[in-house]
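Undergrad: I am attaching a structure below and will ask some questions about it afterwards.
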Amino acid sequence: IDAVVVIGGDGSFTGALTMSQEYNISFVGIPGTIDNDMYGTDYTIGYETALNTVVCAVDKIRDTAVSHGRIFLVEVMGREAGLLALNSGIACGAEVILIPESKEQHDELKRFLDKGYKNKERSGIVIVAEGDEPGGALKIAEAVGRDHPDLDVRVSILGHIQRGGSPTANDRINATRMGIAAVDALLDDQKSVMIGLDNGKIVQVPFNKAVKLNHSIDTGLLDIQKMLSI
């Protein structure tokens with residue numbers, strides 16, 4: 001084996017970094033994760049497809065929520081990163097978004113439920129990242145049911161449908177660009193680097209940075225969601 005192109009996230013690149021240190025093999029990585037949480041790149045393959053899948057599903061769930069007067073807690077993937085939940089919640093007009101990066105949103109959920117109960121507004125969408133601290137949508141629904149027994153609360157866990165389906169055009173185009181860049185990097189004798197996108201430009205990020213540094217999200221987007229839900 002002369003060279004390996006690794007497509008994946010933290011775990012895949014950590015393994016590639018270790019193997020590159022133990023063997024004389026060139027490794028180049030392409031970020032492929034629906035969490036879009038890799039350091040050094042604005043975009044990971046699969047994220048936009050998963051995002052559109054969530055939006056499509058939640059739009060259908062809202063029809064039932066409104067017609068039956070229910071509050072749906074919709075759990076999306078994101079055990080340690082809430083970007084998928086955050087952007088899908090804004091796109092769907094969710095009343096509340098719960099992500100691991102923000103503890104304040106649980107106060108927002110309480111305010112929404114209290115307000116809805118008093119005003120007899122008994123429908124709504126709450127997007128929950130699976131890694132949210134209280135234990136995901138099921139645990140939160142149990143607590144909401146105890147505190148607000150008159151509300152009809154349901155849970156929908158989207159699960160692995162988020163990880164499949166036909167890729168969006170952007171995912172296909174960016175995957176092609178990154179694939180070509182990965183081969184070019186190998187031809188240039190590059191080793192232990194990840195191909196990324198920074199403001200639309202192809203960049204190379206060392207594996208040790210990609211796997212050790214955290215990708216932060218713009219929690220200011222939560223302020224946008226709060227304004228939209230007023």
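Numbering starts fresh at 1 for the residues of each chain in the structure tokens, the chains themselves are lettered A, B, ... in the order given, and ligands are numbered from 1 as they appear.
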If you count only C-alpha atoms, which residues fall within 12 Å of A:Val66, apart from same-chain ones fewer than 2 positions away, as JSON, numbers by chain?

TA: {"A": [59, 60, 61, 62, 63, 64, 68, 69, 70, 71, 72, 121, 122, 123, 124, 125, 152]}

Undergrad: For stretch 102-107 of chain A, list every protein, DNA or RNA residue within 10 Å, evaluated using only C-alpha atoms, and leave out those in the same chain fewer than 3 positions away; present the list as a ChimeraX atom specification.

TA: /A:82,96-99,110-113,132-134,140,219,222,226

Undergrad: Let me see the file: selected residues, N, CA, C and O atoms, as an mmCIF file, in the first residue's frame.

TA:
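Printed below is again-v8.cif as written:
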data_model
loop_
_atom_site.group_PDB
_atom_site.id
_atom_site.type_symbol
_atom_site.label_atom_id
_atom_site.label_comp_id
_atom_site.auth_asym_id
_atom_site.auth_seq_id
_atom_site.Cartn_x
_atom_site.Cartn_y
_atom_site.Cartn_z
ATOM 1 N N GLY A 82 -24.119 20.023 18.224
ATOM 2 C CA GLY A 82 -25.517 20.351 17.988
ATOM 3 C C GLY A 82 -25.797 21.127 16.724
ATOM 4 O O GLY A 82 -26.884 21.697 16.582
ATOM 5 N N VAL A 96 -38.338 25.540 20.148
ATOM 6 C CA VAL A 96 -37.186 25.417 21.042
ATOM 7 C C VAL A 96 -36.186 24.455 20.416
ATOM 8 O O VAL A 96 -36.569 23.488 19.744
ATOM 9 N N ILE A 97 -34.896 24.730 20.614
ATOM 10 C CA ILE A 97 -33.826 23.852 20.147
ATOM 11 C C ILE A 97 -32.933 23.524 21.336
ATOM 12 O O ILE A 97 -32.419 24.428 22.000
ATOM 13 N N LEU A 98 -32.724 22.243 21.593
ATOM 14 C CA LEU A 98 -31.886 21.807 22.709
ATOM 15 C C LEU A 98 -30.620 21.157 22.163
ATOM 16 O O LEU A 98 -30.687 20.139 21.469
ATOM 17 N N ILE A 99 -29.465 21.756 22.489
ATOM 18 C CA ILE A 99 -28.185 21.257 21.985
ATOM 19 C C ILE A 99 -27.194 21.127 23.136
ATOM 20 O O ILE A 99 -27.319 21.824 24.150
ATOM 21 N N LYS A 110 -38.873 25.547 29.243
ATOM 22 C CA LYS A 110 -39.819 25.761 30.346
ATOM 23 C C LYS A 110 -40.707 26.965 30.074
ATOM 24 O O LYS A 110 -41.932 26.915 30.284
ATOM 25 N N ARG A 111 -40.094 28.055 29.580
ATOM 26 C CA ARG A 111 -40.890 29.253 29.280
ATOM 27 C C ARG A 111 -41.902 28.980 28.176
ATOM 28 O O ARG A 111 -43.047 29.442 28.240
ATOM 29 N N PHE A 112 -41.473 28.242 27.168
ATOM 30 C CA PHE A 112 -42.389 27.923 26.061
ATOM 31 C C PHE A 112 -43.572 27.087 26.558
ATOM 32 O O PHE A 112 -44.727 27.360 26.215
ATOM 33 N N LEU A 113 -43.300 26.083 27.376
ATOM 34 C CA LEU A 113 -44.370 25.223 27.872
ATOM 35 C C LEU A 113 -45.320 25.980 28.793
ATOM 36 O O LEU A 113 -46.540 25.812 28.713
ATOM 37 N N ASP A 132 -27.965 15.759 24.153
ATOM 38 C CA ASP A 132 -28.330 16.769 25.145
ATOM 39 C C ASP A 132 -28.322 16.152 26.543
ATOM 40 O O ASP A 132 -28.758 15.013 26.740
ATOM 41 N N GLU A 133 -27.853 16.915 27.515
ATOM 42 C CA GLU A 133 -27.501 16.396 28.840
ATOM 43 C C GLU A 133 -28.588 15.589 29.558
ATOM 44 O O GLU A 133 -28.290 14.545 30.140
ATOM 45 N N PRO A 134 -29.859 15.999 29.553
ATOM 46 C CA PRO A 134 -30.852 15.233 30.322
ATOM 47 C C PRO A 134 -31.106 13.820 29.806
ATOM 48 O O PRO A 134 -31.806 13.044 30.464
ATOM 49 N N ILE A 140 -36.556 13.819 28.292
ATOM 50 C CA ILE A 140 -37.139 15.157 28.398
ATOM 51 C C ILE A 140 -38.657 15.079 28.341
ATOM 52 O O ILE A 140 -39.364 15.770 29.071
ATOM 53 N N THR A 219 -23.347 29.880 18.678
ATOM 54 C CA THR A 219 -24.538 29.805 19.519
ATOM 55 C C THR A 219 -25.389 31.067 19.392
ATOM 56 O O THR A 219 -26.525 31.091 19.875
ATOM 57 N N LEU A 222 -28.877 30.760 18.188
ATOM 58 C CA LEU A 222 -29.993 30.518 19.106
ATOM 59 C C LEU A 222 -30.795 31.791 19.349
ATOM 60 O O LEU A 222 -32.003 31.741 19.575
ATOM 61 N N LYS A 226 -34.797 32.341 18.926
ATOM 62 C CA LYS A 226 -35.660 32.925 19.944
ATOM 63 C C LYS A 226 -36.529 34.033 19.353
ATOM 64 O O LYS A 226 -37.732 34.137 19.670
#

Undergrad: So that I can see what lies close to A:Phe13, please list as a PDB file with C-alpha atoms, in the first residue's frame the residues with an atom at most 12 Å from it, counting only C-alpha atoms and leaving out residues fewer than 4 positions away in the same chain.

TA:
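Once written, selection-v3.pdb looks like this:
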ATOM      1  CA  VAL A   4      -4.688   5.746   1.600  1.00  0.00           C
ATOM      2  CA  VAL A   5      -7.539   8.223   1.251  1.00  0.00           C
ATOM      3  CA  VAL A   6      -9.586   8.117   4.460  1.00  0.00           C
ATOM      4  CA  ILE A   7     -13.179   9.365   4.460  1.00  0.00           C
ATOM      5  CA  GLY A   8     -14.659   9.934   7.919  1.00  0.00           C
ATOM      6  CA  GLY A   9     -14.472  11.955  11.105  1.00  0.00           C
ATOM      7  CA  LEU A  17      -2.676   9.527  12.153  1.00  0.00           C
ATOM      8  CA  THR A  18      -1.528   6.574  14.283  1.00  0.00           C
ATOM      9  CA  MET A  19      -0.935   4.342  11.266  1.00  0.00           C
ATOM     10  CA  SER A  20       0.960   7.074   9.449  1.00  0.00           C
ATOM     11  CA  PHE A  27      -2.678   9.220   4.464  1.00  0.00           C
ATOM     12  CA  VAL A  28      -4.959  12.008   3.269  1.00  0.00           C
ATOM     13  CA  GLY A  29      -8.379  12.541   4.816  1.00  0.00           C
ATOM     14  CA  ILE A  30     -11.703  13.739   3.453  1.00  0.00           C
ATOM     15  CA  PRO A  31     -14.183  14.872   6.148  1.00  0.00           C
ATOM     16  CA  GLY A  32     -17.386  12.864   5.928  1.00  0.00           C
ATOM     17  CA  THR A  33     -19.739  13.296   8.890  1.00  0.00           C
ATOM     18  CA  MET A  38     -14.461  18.808  12.108  1.00  0.00           C
ATOM     19  CA  TYR A  39     -11.921  21.499  12.944  1.00  0.00           C
ATOM     20  CA  SER A 192      -1.295  13.160   7.320  1.00  0.00           C
ATOM     21  CA  VAL A 193      -3.475  16.032   6.135  1.00  0.00           C
ATOM     22  CA  MET A 194      -7.219  16.505   5.861  1.00  0.00           C
ATOM     23  CA  ILE A 195      -8.774  18.228   2.878  1.00  0.00           C
ATOM     24  CA  VAL A 205      -5.331  20.761   7.625  1.00  0.00           C
ATOM     25  CA  PRO A 206      -2.804  18.589   9.522  1.00  0.00           C
ATOM     26  CA  PHE A 207      -4.410  15.516  11.111  1.00  0.00           C
ATOM     27  CA  ASN A 208      -3.087  16.424  14.552  1.00  0.00           C
ATOM     28  CA  LYS A 209      -5.027  19.705  14.438  1.00  0.00           C
ATOM     29  CA  ALA A 210      -8.139  18.185  12.894  1.00  0.00           C
ATOM     30  CA  VAL A 211      -8.491  15.561  15.630  1.00  0.00           C
ATOM     31  CA  LYS A 212      -7.250  17.512  18.665  1.00  0.00           C
TER      32      LYS A 212
END

Undergrad: How would you write, as a PDB file with all heavy atoms, in the first residue's frame, the set of residues in stretch 99-215 of chain A that DSSP gives as strand (DSSP E or B)?

TA:
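Below is the file part-v6.pdb, written as the result:
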ATOM      1  N   GLY A 124     -46.465  22.439  18.954  1.00  0.00           N
ATOM      2  CA  GLY A 124     -45.139  23.015  18.768  1.00  0.00           C
ATOM      3  C   GLY A 124     -44.119  21.937  18.464  1.00  0.00           C
ATOM      4  O   GLY A 124     -44.368  20.740  18.634  1.00  0.00           O
ATOM      5  N   ILE A 125     -42.963  22.389  18.000  1.00  0.00           N
ATOM      6  CA  ILE A 125     -41.857  21.491  17.672  1.00  0.00           C
ATOM      7  C   ILE A 125     -40.652  21.857  18.532  1.00  0.00           C
ATOM      8  O   ILE A 125     -40.252  23.023  18.593  1.00  0.00           O
ATOM      9  CB  ILE A 125     -41.458  21.604  16.187  1.00  0.00           C
ATOM     10  CG1 ILE A 125     -42.620  21.180  15.279  1.00  0.00           C
ATOM     11  CG2 ILE A 125     -40.212  20.766  15.900  1.00  0.00           C
ATOM     12  CD1 ILE A 125     -42.954  19.711  15.332  1.00  0.00           C
ATOM     13  N   VAL A 126     -40.090  20.859  19.204  1.00  0.00           N
ATOM     14  CA  VAL A 126     -38.857  21.023  19.967  1.00  0.00           C
ATOM     15  C   VAL A 126     -37.819  20.086  19.359  1.00  0.00           C
ATOM     16  O   VAL A 126     -38.024  18.869  19.319  1.00  0.00           O
ATOM     17  CB  VAL A 126     -39.057  20.683  21.461  1.00  0.00           C
ATOM     18  CG1 VAL A 126     -37.733  20.838  22.214  1.00  0.00           C
ATOM     19  CG2 VAL A 126     -40.147  21.564  22.069  1.00  0.00           C
ATOM     20  N   ILE A 127     -36.726  20.657  18.849  1.00  0.00           N
ATOM     21  CA  ILE A 127     -35.654  19.853  18.265  1.00  0.00           C
ATOM     22  C   ILE A 127     -34.645  19.533  19.366  1.00  0.00           C
ATOM     23  O   ILE A 127     -34.170  20.430  20.062  1.00  0.00           O
ATOM     24  CB  ILE A 127     -34.949  20.594  17.115  1.00  0.00           C
ATOM     25  CG1 ILE A 127     -35.948  20.937  15.996  1.00  0.00           C
ATOM     26  CG2 ILE A 127     -33.793  19.760  16.571  1.00  0.00           C
ATOM     27  CD1 ILE A 127     -36.461  19.746  15.245  1.00  0.00           C
ATOM     28  N   VAL A 128     -34.314  18.257  19.507  1.00  0.00           N
ATOM     29  CA  VAL A 128     -33.409  17.811  20.553  1.00  0.00           C
ATOM     30  C   VAL A 128     -32.221  17.078  19.943  1.00  0.00           C
ATOM     31  O   VAL A 128     -32.400  16.097  19.224  1.00  0.00           O
ATOM     32  CB  VAL A 128     -34.121  16.857  21.550  1.00  0.00           C
ATOM     33  CG1 VAL A 128     -33.174  16.462  22.681  1.00  0.00           C
ATOM     34  CG2 VAL A 128     -35.392  17.490  22.097  1.00  0.00           C
ATOM     35  N   ALA A 129     -31.006  17.558  20.197  1.00  0.00           N
ATOM     36  CA  ALA A 129     -29.814  16.807  19.793  1.00  0.00           C
ATOM     37  C   ALA A 129     -29.677  15.604  20.705  1.00  0.00           C
ATOM     38  O   ALA A 129     -29.864  15.713  21.915  1.00  0.00           O
ATOM     39  CB  ALA A 129     -28.573  17.690  19.877  1.00  0.00           C
ATOM     40  N   VAL A 153     -47.824  15.357  24.660  1.00  0.00           N
ATOM     41  CA  VAL A 153     -46.421  15.397  24.242  1.00  0.00           C
ATOM     42  C   VAL A 153     -46.049  14.080  23.567  1.00  0.00           C
ATOM     43  O   VAL A 153     -46.303  12.997  24.125  1.00  0.00           O
ATOM     44  CB  VAL A 153     -45.491  15.652  25.445  1.00  0.00           C
ATOM     45  CG1 VAL A 153     -44.037  15.699  24.992  1.00  0.00           C
ATOM     46  CG2 VAL A 153     -45.873  16.952  26.137  1.00  0.00           C
ATOM     47  N   ARG A 154     -45.456  14.162  22.392  1.00  0.00           N
ATOM     48  CA  ARG A 154     -45.024  12.979  21.660  1.00  0.00           C
ATOM     49  C   ARG A 154     -43.544  13.102  21.305  1.00  0.00           C
ATOM     50  O   ARG A 154     -43.000  14.208  21.221  1.00  0.00           O
ATOM     51  CB  ARG A 154     -45.843  12.805  20.380  1.00  0.00           C
ATOM     52  CG  ARG A 154     -47.344  12.680  20.617  1.00  0.00           C
ATOM     53  CD  ARG A 154     -47.694  11.450  21.433  1.00  0.00           C
ATOM     54  NE  ARG A 154     -49.107  11.381  21.774  1.00  0.00           N
ATOM     55  CZ  ARG A 154     -50.008  10.723  21.046  1.00  0.00           C
ATOM     56  NH1 ARG A 154     -49.637  10.088  19.936  1.00  0.00           N
ATOM     57  NH2 ARG A 154     -51.269  10.715  21.414  1.00  0.00           N
ATOM     58  N   VAL A 155     -42.929  11.961  21.058  1.00  0.00           N
ATOM     59  CA  VAL A 155     -41.510  11.909  20.711  1.00  0.00           C
ATOM     60  C   VAL A 155     -41.354  11.257  19.355  1.00  0.00           C
ATOM     61  O   VAL A 155     -41.989  10.232  19.062  1.00  0.00           O
ATOM     62  CB  VAL A 155     -40.706  11.122  21.765  1.00  0.00           C
ATOM     63  CG1 VAL A 155     -39.262  10.940  21.307  1.00  0.00           C
ATOM     64  CG2 VAL A 155     -40.752  11.830  23.109  1.00  0.00           C
ATOM     65  N   SER A 156     -40.513  11.845  18.528  1.00  0.00           N
ATOM     66  CA  SER A 156     -40.154  11.240  17.240  1.00  0.00           C
ATOM     67  C   SER A 156     -38.631  11.240  17.134  1.00  0.00           C
ATOM     68  O   SER A 156     -38.001  12.301  17.129  1.00  0.00           O
ATOM     69  CB  SER A 156     -40.768  12.026  16.079  1.00  0.00           C
ATOM     70  OG  SER A 156     -40.478  11.394  14.848  1.00  0.00           O
ATOM     71  N   ILE A 157     -38.040  10.033  17.083  1.00  0.00           N
ATOM     72  CA  ILE A 157     -36.589   9.898  16.957  1.00  0.00           C
ATOM     73  C   ILE A 157     -36.271   9.557  15.507  1.00  0.00           C
ATOM     74  O   ILE A 157     -36.600   8.458  15.030  1.00  0.00           O
ATOM     75  CB  ILE A 157     -36.060   8.809  17.913  1.00  0.00           C
ATOM     76  CG1 ILE A 157     -36.375   9.191  19.374  1.00  0.00           C
ATOM     77  CG2 ILE A 157     -34.552   8.632  17.732  1.00  0.00           C
ATOM     78  CD1 ILE A 157     -35.994   8.133  20.392  1.00  0.00           C
ATOM     79  N   VAL A 193      -2.717  14.792   6.230  1.00  0.00           N
ATOM     80  CA  VAL A 193      -3.475  16.032   6.135  1.00  0.00           C
ATOM     81  C   VAL A 193      -4.926  15.715   5.781  1.00  0.00           C
ATOM     82  O   VAL A 193      -5.224  14.707   5.148  1.00  0.00           O
ATOM     83  CB  VAL A 193      -2.895  17.003   5.089  1.00  0.00           C
ATOM     84  CG1 VAL A 193      -1.514  17.480   5.489  1.00  0.00           C
ATOM     85  CG2 VAL A 193      -2.896  16.389   3.696  1.00  0.00           C
ATOM     86  N   MET A 194      -5.807  16.584   6.220  1.00  0.00           N
ATOM     87  CA  MET A 194      -7.219  16.505   5.861  1.00  0.00           C
ATOM     88  C   MET A 194      -7.536  17.585   4.845  1.00  0.00           C
ATOM     89  O   MET A 194      -7.081  18.723   4.976  1.00  0.00           O
ATOM     90  CB  MET A 194      -8.090  16.700   7.105  1.00  0.00           C
ATOM     91  CG  MET A 194      -9.596  16.664   6.833  1.00  0.00           C
ATOM     92  SD  MET A 194     -10.578  17.262   8.245  1.00  0.00           S
ATOM     93  CE  MET A 194     -10.369  19.056   8.085  1.00  0.00           C
ATOM     94  N   ILE A 195      -8.300  17.236   3.842  1.00  0.00           N
ATOM     95  CA  ILE A 195      -8.774  18.228   2.878  1.00  0.00           C
ATOM     96  C   ILE A 195     -10.010  18.905   3.461  1.00  0.00           C
ATOM     97  O   ILE A 195     -10.935  18.230   3.931  1.00  0.00           O
ATOM     98  CB  ILE A 195      -9.133  17.564   1.536  1.00  0.00           C
ATOM     99  CG1 ILE A 195      -7.928  16.809   0.973  1.00  0.00           C
ATOM    100  CG2 ILE A 195      -9.640  18.606   0.555  1.00  0.00           C
ATOM    101  CD1 ILE A 195      -6.715  17.663   0.698  1.00  0.00           C
ATOM    102  N   GLY A 196     -10.024  20.217   3.449  1.00  0.00           N
ATOM    103  CA  GLY A 196     -11.170  20.944   3.974  1.00  0.00           C
ATOM    104  C   GLY A 196     -11.601  22.066   3.052  1.00  0.00           C
ATOM    105  O   GLY A 196     -10.977  22.316   2.007  1.00  0.00           O
ATOM    106  N   LEU A 197     -12.677  22.732   3.439  1.00  0.00           N
ATOM    107  CA  LEU A 197     -13.166  23.901   2.719  1.00  0.00           C
ATOM    108  C   LEU A 197     -13.218  25.077   3.683  1.00  0.00           C
ATOM    109  O   LEU A 197     -13.837  24.987   4.746  1.00  0.00           O
ATOM    110  CB  LEU A 197     -14.560  23.654   2.137  1.00  0.00           C
ATOM    111  CG  LEU A 197     -14.662  22.788   0.889  1.00  0.00           C
ATOM    112  CD1 LEU A 197     -16.130  22.528   0.541  1.00  0.00           C
ATOM    113  CD2 LEU A 197     -13.967  23.447  -0.299  1.00  0.00           C
ATOM    114  N   ASP A 198     -12.562  26.160   3.319  1.00  0.00           N
ATOM    115  CA  ASP A 198     -12.554  27.378   4.129  1.00  0.00           C
ATOM    116  C   ASP A 198     -13.027  28.519   3.249  1.00  0.00           C
ATOM    117  O   ASP A 198     -12.325  28.938   2.335  1.00  0.00           O
ATOM    118  CB  ASP A 198     -11.148  27.652   4.661  1.00  0.00           C
ATOM    119  CG  ASP A 198     -11.095  28.868   5.569  1.00  0.00           C
ATOM    120  OD1 ASP A 198     -12.170  29.441   5.873  1.00  0.00           O
ATOM    121  OD2 ASP A 198      -9.991  29.265   5.981  1.00  0.00           O
ATOM    122  N   LYS A 201     -12.872  27.707  -0.366  1.00  0.00           N
ATOM    123  CA  LYS A 201     -11.560  27.376  -0.923  1.00  0.00           C
ATOM    124  C   LYS A 201     -11.051  26.067  -0.328  1.00  0.00           C
ATOM    125  O   LYS A 201     -11.213  25.808   0.863  1.00  0.00           O
ATOM    126  CB  LYS A 201     -10.547  28.495  -0.622  1.00  0.00           C
ATOM    127  CG  LYS A 201     -10.960  29.875  -1.112  1.00  0.00           C
ATOM    128  CD  LYS A 201     -10.897  29.981  -2.612  1.00  0.00           C
ATOM    129  CE  LYS A 201     -11.166  31.423  -3.064  1.00  0.00           C
ATOM    130  NZ  LYS A 201     -11.125  31.559  -4.534  1.00  0.00           N
ATOM    131  N   ILE A 202     -10.415  25.260  -1.175  1.00  0.00           N
ATOM    132  CA  ILE A 202      -9.812  24.020  -0.707  1.00  0.00           C
ATOM    133  C   ILE A 202      -8.600  24.333   0.174  1.00  0.00           C
ATOM    134  O   ILE A 202      -7.746  25.148  -0.188  1.00  0.00           O
ATOM    135  CB  ILE A 202      -9.365  23.133  -1.886  1.00  0.00           C
ATOM    136  CG1 ILE A 202     -10.594  22.599  -2.638  1.00  0.00           C
ATOM    137  CG2 ILE A 202      -8.485  21.989  -1.415  1.00  0.00           C
ATOM    138  CD1 ILE A 202     -11.360  21.532  -1.891  1.00  0.00           C
ATOM    139  N   VAL A 203      -8.525  23.694   1.342  1.00  0.00           N
ATOM    140  CA  VAL A 203      -7.387  23.870   2.247  1.00  0.00           C
ATOM    141  C   VAL A 203      -6.916  22.500   2.718  1.00  0.00           C
ATOM    142  O   VAL A 203      -7.634  21.499   2.601  1.00  0.00           O
ATOM    143  CB  VAL A 203      -7.761  24.747   3.469  1.00  0.00           C
ATOM    144  CG1 VAL A 203      -8.087  26.168   3.049  1.00  0.00           C
ATOM    145  CG2 VAL A 203      -8.925  24.132   4.244  1.00  0.00           C
ATOM    146  N   GLN A 204      -5.703  22.467   3.264  1.00  0.00           N
ATOM    147  CA  GLN A 204      -5.160  21.251   3.859  1.00  0.00           C
ATOM    148  C   GLN A 204      -4.916  21.507   5.351  1.00  0.00           C
ATOM    149  O   GLN A 204      -4.276  22.489   5.717  1.00  0.00           O
ATOM    150  CB  GLN A 204      -3.855  20.844   3.171  1.00  0.00           C
ATOM    151  CG  GLN A 204      -4.031  20.454   1.707  1.00  0.00           C
ATOM    152  CD  GLN A 204      -2.717  20.027   1.065  1.00  0.00           C
ATOM    153  OE1 GLN A 204      -1.677  19.941   1.713  1.00  0.00           O
ATOM    154  NE2 GLN A 204      -2.759  19.757  -0.235  1.00  0.00           N
ATOM    155  N   VAL A 205      -5.431  20.619   6.179  1.00  0.00           N
ATOM    156  CA  VAL A 205      -5.331  20.761   7.625  1.00  0.00           C
ATOM    157  C   VAL A 205      -4.592  19.546   8.178  1.00  0.00           C
ATOM    158  O   VAL A 205      -4.985  18.412   7.907  1.00  0.00           O
ATOM    159  CB  VAL A 205      -6.728  20.855   8.283  1.00  0.00           C
ATOM    160  CG1 VAL A 205      -6.602  21.077   9.790  1.00  0.00           C
ATOM    161  CG2 VAL A 205      -7.555  21.956   7.637  1.00  0.00           C
ATOM    162  N   PRO A 206      -3.512  19.729   8.942  1.00  0.00           N
ATOM    163  CA  PRO A 206      -2.804  18.589   9.522  1.00  0.00           C
ATOM    164  C   PRO A 206      -3.726  17.736  10.395  1.00  0.00           C
ATOM    165  O   PRO A 206      -4.571  18.260  11.118  1.00  0.00           O
ATOM    166  CB  PRO A 206      -1.698  19.240  10.371  1.00  0.00           C
ATOM    167  CG  PRO A 206      -1.516  20.598   9.770  1.00  0.00           C
ATOM    168  CD  PRO A 206      -2.872  21.019   9.283  1.00  0.00           C
TER     169      PRO A 206
END

Undergrad: Set the distance at 9 Å and use only C-alpha atoms: which residues neighbour A:Ser216 once local chain neighbours fewer than 4 positions away are removed? I'd like the list as a PyMOL selection string.

TA: chain A and resi 37+39+81+101

Undergrad: Name the residues of stretch 56-195 of chain A that come out as helix (DSSP H, G or I) in a backbone DSSP run; write them as JSON, numbers by chain.

TA: {"A": [56, 57, 58, 59, 60, 61, 62, 63, 64, 65, 66, 67, 68, 83, 84, 85, 86, 87, 88, 89, 90, 91, 92, 105, 106, 107, 108, 109, 110, 111, 112, 113, 114, 115, 116, 117, 118, 137, 138, 139, 140, 141, 142, 143, 144, 145, 146, 147, 159, 160, 161, 162, 163, 169, 170, 171, 172, 173, 174, 175, 176, 177, 178, 179, 180, 181, 182, 183, 184, 185, 186, 187]}

Undergrad: Any idea what the distance is between atom CA of A:Asn36 and atom CA of A:Val58?

TA: 19.9 Å

Undergrad: Tell me which protein, DNA and RNA residues are within 10 Å of A:Gln225, counting only C-alpha atoms, leaving out same-chain ones fewer than 6 positions away, and put them as a JSON list (two decimals) with N, CA, C and O atoms, in the first residue's frame.

TA:
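Written out: selection-v4.json:
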[["chain", "number", "residue", "atom", "x", "y", "z"],
["A", 86, "LEU", "N", -29.31, 22.61, 15.52],
["A", 86, "LEU", "CA", -29.43, 24.06, 15.51],
["A", 86, "LEU", "C", -29.95, 24.57, 14.18],
["A", 86, "LEU", "O", -30.94, 25.32, 14.12],
["A", 87, "ASN", "N", -29.32, 24.16, 13.10],
["A", 87, "ASN", "CA", -29.73, 24.69, 11.79],
["A", 87, "ASN", "C", -31.04, 24.08, 11.30],
["A", 87, "ASN", "O", -31.83, 24.76, 10.64],
["A", 89, "GLY", "N", -33.45, 23.24, 13.26],
["A", 89, "GLY", "CA", -34.47, 23.90, 14.05],
["A", 89, "GLY", "C", -34.83, 25.27, 13.52],
["A", 89, "GLY", "O", -36.01, 25.65, 13.48],
["A", 90, "ILE", "N", -33.81, 26.01, 13.08],
["A", 90, "ILE", "CA", -34.08, 27.33, 12.49],
["A", 90, "ILE", "C", -34.82, 27.18, 11.17],
["A", 90, "ILE", "O", -35.78, 27.90, 10.89],
["A", 91, "ALA", "N", -34.38, 26.23, 10.36],
["A", 91, "ALA", "CA", -35.01, 26.03, 9.05],
["A", 91, "ALA", "C", -36.47, 25.61, 9.19],
["A", 91, "ALA", "O", -37.31, 25.98, 8.35],
["A", 93, "GLY", "N", -38.42, 26.32, 11.82],
["A", 93, "GLY", "CA", -39.19, 27.20, 12.70],
["A", 93, "GLY", "C", -39.54, 26.55, 14.01],
["A", 93, "GLY", "O", -40.63, 26.78, 14.56],
["A", 94, "ALA", "N", -38.63, 25.75, 14.56],
["A", 94, "ALA", "CA", -38.89, 25.08, 15.83],
["A", 94, "ALA", "C", -39.06, 26.11, 16.95],
["A", 94, "ALA", "O", -38.40, 27.16, 16.96],
["A", 95, "GLU", "N", -39.93, 25.79, 17.88],
["A", 95, "GLU", "CA", -40.17, 26.69, 19.02],
["A", 95, "GLU", "C", -39.00, 26.69, 19.99],
["A", 95, "GLU", "O", -38.70, 27.72, 20.61],
["A", 96, "VAL", "N", -38.34, 25.54, 20.15],
["A", 96, "VAL", "CA", -37.19, 25.42, 21.04],
["A", 96, "VAL", "C", -36.19, 24.46, 20.42],
["A", 96, "VAL", "O", -36.57, 23.49, 19.74],
["A", 97, "ILE", "N", -34.90, 24.73, 20.61],
["A", 97, "ILE", "CA", -33.83, 23.85, 20.15],
["A", 97, "ILE", "C", -32.93, 23.52, 21.34],
["A", 97, "ILE", "O", -32.42, 24.43, 22.00]]

Undergrad: Pick from A:Leu73, A:Leu186, A:Ile161, A:Ala181: nearest to A:Ala141, with only C-alpha atoms counted?

TA: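 When distances to A:Ala141 are compared using only C-alpha atoms, the smallest one comes from A:Leu73.
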